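Contents: one structure, followed by commentary.
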Amino acid sequence: MIVIDTETTGMGDQDQVIELGWASQDRGGGMLIVPTVPIQPDARASHHITDRELFTRGYNQAQALRRIEDELIETSPWVFHNAAFDMRMLRQTWPSLPVPPVICTWRCSLHLWPDAPSHSNQALRYWLDLPVVAAQCPHCGQAPHAHRAPFDASVTLALVNRMVEMGFSVEDLVRMSGEPVVLHRVRFGKHEGELWVDVPRDYLHWILRQGDFDEDVRHTAHHYFHRSLTPQNYSDTP
């Protein structure tokens, strides 16, 4: 398996990858990619990638795709910390890119550590005391830093290694990445901050009657709603 991280021009439907970083047990690397859309100011404020960097050291998109196909495609699975976002950005940049099976360490961490204070890879790095080994920046030779793709890939590598050390196989993690999560705390509404296990049954029932909650919220509400049912009220099942 190989861990991949992206930095992008933004988070919208037209945005693109401008940096790709990767890390595995025996290698790591990264490349800058010249986009065909402008970099949004809020994205630049996170990764600080400049136009000068891109145009002096960046690959064009066709060159970058060939490098991905040469160096990364054969290694399976690909590991991301937020696979839904990274995969969307990869497909927006290279619609024809073939993708192997995927592990999402963010979704796996929701399953494995539901009470973590945060599930960002940097927060989990410190909460779990992960040993992170990061090589020099492949672009400039300087010490890498957070919110650049090669360094963030090395953090996610330490995270997926911890999951394997716990006894989970690659197949387990691929499966877990695609399964809905039973969430720990409510992140919205009048019960924000409360444990889901303490949410009143009528509020769970209300959630299940709505159509605009994501899969994990609905799965969690369904889990606790049905756990609270008694034989006489099964007719109320939404």
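We name chains A, B, ... following the order of the structure tokens; residues begin at 1 in each chain, and ligands are numbered from 1 as shown.
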Give me, as CSV, each residue of stretch 36-107 of chain A that comes within 10 Å of stretch 121-130 of chain A, together with its shortest interatomic pair and the distance in Å at one decimal, counting only C-alpha atoms, with rows ordered by chain and rising residue number.
```
residue,atom,partner,partner_atom,distance
A:His81,CA,A:Asn121,CA,6.8
A:Asn82,CA,A:Asn121,CA,9.3
A:Thr105,CA,A:Asn121,CA,8.4
A:Trp106,CA,A:Asn121,CA,7.4
```
Got a sec: who's within 12 Å of A:Gln92, counting only C-alpha atoms, leaving out chain neighbours fewer than 5 positions off, as a short mmCIF file (atom, residue, chain, number, x, y, z; two decimals) with N, CA and C atoms, in the first residue's frame?
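For reference, selection-v4.cif as written:
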```
data_model
loop_
_atom_site.label_atom_id
_atom_site.label_comp_id
_atom_site.auth_asym_id
_atom_site.auth_seq_id
_atom_site.Cartn_x
_atom_site.Cartn_y
_atom_site.Cartn_z
N THR A 8 -4.52 21.41 -3.08
CA THR A 8 -5.36 21.77 -4.22
C THR A 8 -5.53 23.27 -4.37
N THR A 9 -6.16 23.66 -5.47
CA THR A 9 -6.45 25.07 -5.70
C THR A 9 -7.61 25.54 -4.86
N GLY A 10 -8.37 24.64 -4.28
CA GLY A 10 -9.54 24.96 -3.47
C GLY A 10 -10.34 23.70 -3.24
N MET A 11 -11.60 23.86 -2.85
CA MET A 11 -12.42 22.71 -2.50
C MET A 11 -13.66 22.57 -3.39
N GLY A 12 -13.76 23.39 -4.43
CA GLY A 12 -14.95 23.41 -5.26
C GLY A 12 -14.96 22.37 -6.35
N ASP A 13 -16.03 22.39 -7.14
CA ASP A 13 -16.22 21.39 -8.19
C ASP A 13 -15.29 21.58 -9.38
N GLN A 14 -14.64 22.74 -9.48
CA GLN A 14 -13.73 23.00 -10.59
C GLN A 14 -12.27 23.01 -10.15
N ASP A 15 -12.01 22.81 -8.86
CA ASP A 15 -10.64 22.91 -8.37
C ASP A 15 -9.81 21.68 -8.74
N GLN A 16 -8.49 21.82 -8.62
CA GLN A 16 -7.56 20.81 -9.10
C GLN A 16 -6.42 20.57 -8.11
N VAL A 17 -5.75 19.45 -8.30
CA VAL A 17 -4.57 19.10 -7.51
C VAL A 17 -3.39 19.94 -7.99
N ILE A 18 -2.66 20.54 -7.02
CA ILE A 18 -1.43 21.26 -7.39
C ILE A 18 -0.20 20.66 -6.71
N PRO A 35 -1.77 24.03 -12.33
CA PRO A 35 -3.21 23.90 -12.58
C PRO A 35 -3.65 24.73 -13.78
N THR A 36 -4.88 24.48 -14.22
CA THR A 36 -5.46 25.29 -15.28
C THR A 36 -6.54 26.22 -14.72
N VAL A 37 -6.66 26.27 -13.38
CA VAL A 37 -7.59 27.19 -12.71
C VAL A 37 -6.80 27.92 -11.64
N GLN A 61 -0.09 18.89 -16.32
CA GLN A 61 -0.97 17.81 -15.89
C GLN A 61 -0.73 16.51 -16.65
N PHE A 85 -12.53 13.37 -0.40
CA PHE A 85 -12.04 14.64 -0.93
C PHE A 85 -10.90 14.43 -1.91
N ASP A 86 -9.89 13.67 -1.50
CA ASP A 86 -8.72 13.49 -2.37
C ASP A 86 -9.10 12.81 -3.68
N MET A 87 -9.97 11.81 -3.62
CA MET A 87 -10.37 11.13 -4.85
C MET A 87 -11.16 12.07 -5.76
N LEU A 97 -7.96 8.86 -14.75
CA LEU A 97 -7.04 8.19 -13.84
C LEU A 97 -7.64 6.90 -13.28
#
```
(request) May I have all residues of stretch 66-194 of chain A that DSSP, computed from the backbone, assigns to alpha helix (DSSP H), given as a PyMOL selection string? (result) chain A and resi 66-71+83-93+105-112+121-127+149-165+170-177
(request) Check stretch 6-109 of chain A with DSSP on the backbone and list each residue it calls strand (DSSP E or B), as a ChimeraX atom specification. (result) /A:6-8,17-23,28-33,59,78-80,102-104
(request) Write out as an MDAnalysis selection string each polymer residue whose atoms come within 7 Å of stretch 154-163 of chain A, counting only C-alpha atoms; drop sequence neighbours fewer than 2 positions from it. (result) chainID A and resid 3 23:24 81 105 121 125 130:134 150:152 165:168
(request) Just give me the gap between atom CA of A:Ala43 and atom CA of A:Glu192 in Å, one decimal is fine. (result)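 For atom CA of A:Ala43 relative to atom CA of A:Glu192, the distance reads 28.1 Å.
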